[in-house]
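Q: I'd like to ask some things about the structure below.
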Amino acid sequence: MVSGIEERESARRIALELLEVRDRSVKEIRQRLHRRGCKPAAIDTVVGDLEALRLLDDRAFVRRWVESRRSRRPEGAPKISRDLARRGIDPALIEEVLAEYGDDLGSGAEALTLLRRQLTRYRGLDPETARRRMYGLLARRGFDPDTVREAVTRAWTEIEEAGEKR
């Protein structure tokens, strides 16, 4: 028979291994430990210990998530909110942290930056197809329609100007 101490140590080892791979929310850790057969009491203890050590912190998780998205894969605030909610983050916490970023999150500048990274995909296409693909990319990334429209117009203007300079 496994003792309570052994159960907690096993759960702790699993949780630390999961956190080594990538950041996770409290809910994600709880779910993974449960799926691995850990007892609820051991899960509660381990999660509490990891939170006390600040190895598991949903607020910090949200900030890192947002920063990661802004630098590697720009997305609009609605998509970021949905993705975080799917990971078990409290909606009030999501709203609070996203409010810290203000209008910068999902801004036209981020949308335009994303399109600029991919301009080579759109060169040589007919204007209708290129614009449709740009709209689709930004819409899938959760940018609002006004931001999408403005970014696509600016990006297409840059493509046309680059074509005239050749």
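Here's how to read the names in the structure tokens: chain A, B, ... by the order shown, residue numbers from 1 in each chain, ligand numbers from 1 in the order shown.
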Might you pull out every residue within 6 Å of segment 68-79 of chain A, with only C-alpha atoms counted and same-chain residues fewer than 5 positions away left off, and present them as a PyMOL selection string?

A: chain A and resi 106+141-143

Q: Step one, run DSSP on the backbone; step two, keep only residues of segment 15-110 of chain A assigned to helix (DSSP H, G or I); then write them as a PyMOL selection string.

A: chain A and resi 15-21+26-35+40-52+58-72+77-86+91-104+108-110

Q: Between atom CA of Ser10 of chain A and atom CA of Ala42 of chain A, what is the distance, to one decimal in Å?

A: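 Atom CA of Ser10 of chain A sits 8.8 Å away from atom CA of Ala42 of chain A.
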
Q: I want to know what sits within 12 Å of Ser3 of chain A, based on only C-alpha atoms, with residues of the same chain fewer than 4 positions away left out; could you give that as a PDB file with N, CA and C atoms, in the first residue's frame?

A:
ATOM      1  N   GLU A   7       2.545   9.212  -2.094  1.00  0.00           N
ATOM      2  CA  GLU A   7       1.596   9.753  -3.074  1.00  0.00           C
ATOM      3  C   GLU A   7       1.921  11.212  -3.384  1.00  0.00           C
ATOM      4  N   ARG A   8       2.187  11.991  -2.330  1.00  0.00           N
ATOM      5  CA  ARG A   8       2.510  13.416  -2.533  1.00  0.00           C
ATOM      6  C   ARG A   8       3.821  13.573  -3.299  1.00  0.00           C
ATOM      7  N   GLU A   9       4.813  12.767  -2.956  1.00  0.00           N
ATOM      8  CA  GLU A   9       6.102  12.866  -3.650  1.00  0.00           C
ATOM      9  C   GLU A   9       5.970  12.487  -5.118  1.00  0.00           C
ATOM     10  N   SER A  10       5.173  11.483  -5.385  1.00  0.00           N
ATOM     11  CA  SER A  10       4.939  11.076  -6.770  1.00  0.00           C
ATOM     12  C   SER A  10       4.225  12.200  -7.532  1.00  0.00           C
ATOM     13  N   LYS A  39      -4.058  10.989  -6.138  1.00  0.00           N
ATOM     14  CA  LYS A  39      -5.206  11.161  -5.239  1.00  0.00           C
ATOM     15  C   LYS A  39      -5.503  12.649  -5.037  1.00  0.00           C
ATOM     16  N   ALA A  41      -6.208  14.428  -2.440  1.00  0.00           N
ATOM     17  CA  ALA A  41      -5.497  15.047  -1.311  1.00  0.00           C
ATOM     18  C   ALA A  41      -4.051  15.366  -1.692  1.00  0.00           C
ATOM     19  N   ALA A  42      -3.405  14.464  -2.417  1.00  0.00           N
ATOM     20  CA  ALA A  42      -2.023  14.697  -2.852  1.00  0.00           C
ATOM     21  C   ALA A  42      -1.973  15.852  -3.848  1.00  0.00           C
TER      22      ALA A  42
END

Q: Need to verify the contact set: Gln118 of chain A, 12 Å, only C-alpha atoms, exclusion of same-chain residues closer than 4 positions in sequence. Can you return it as a PyMOL selection string?

A: chain A and resi 73+111-114+122-123+130+133-134+137-138+152+155-156+159

Q: Could you tell me which of A:Gly108, A:Gly102, A:Gly48, A:Gly88 comes closest to Gln31 of chain A if we count only C-alpha atoms?

A: A:Gly88

Q: Name all residues at most 12 Å from Arg22 of chain A (count only C-alpha atoms; drop same-chain ones fewer than 4 positions away) and give them as an NGL selection string.

A: :A and (15-18 or 28-29 or 55-56 or 61 or 64-65)

Q: A:Asp126, A:Glu67, A:Glu158, A:Glu110: which is nearest Leu98 of chain A, counting only C-alpha atoms?

A: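 For Leu98 of chain A, the nearest of the candidates is A:Glu67.
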
Q: Find, counting only C-alpha atoms, the residue in A:Arg140, A:Arg87, A:Arg13, A:Arg121 that gets nearest to Cys38 of chain A.

A: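 Ranked by minimum distance to Cys38 of chain A, first place goes to A:Arg13.
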
Q: Record the distance separating atom CA of Asp58 of chain A and atom CA of Gly37 of chain A, expressed in Å with one decimal.

A: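 If I compute the distance from atom CA of Asp58 of chain A to atom CA of Gly37 of chain A, I get 23.3 Å.
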
Q: Near Arg36 of chain A, within 9 Å and counting only C-alpha atoms, which residues show up once chain neighbours fewer than 3 positions away are dropped, as a PyMOL selection string?

A: chain A and resi 11+14+31-33
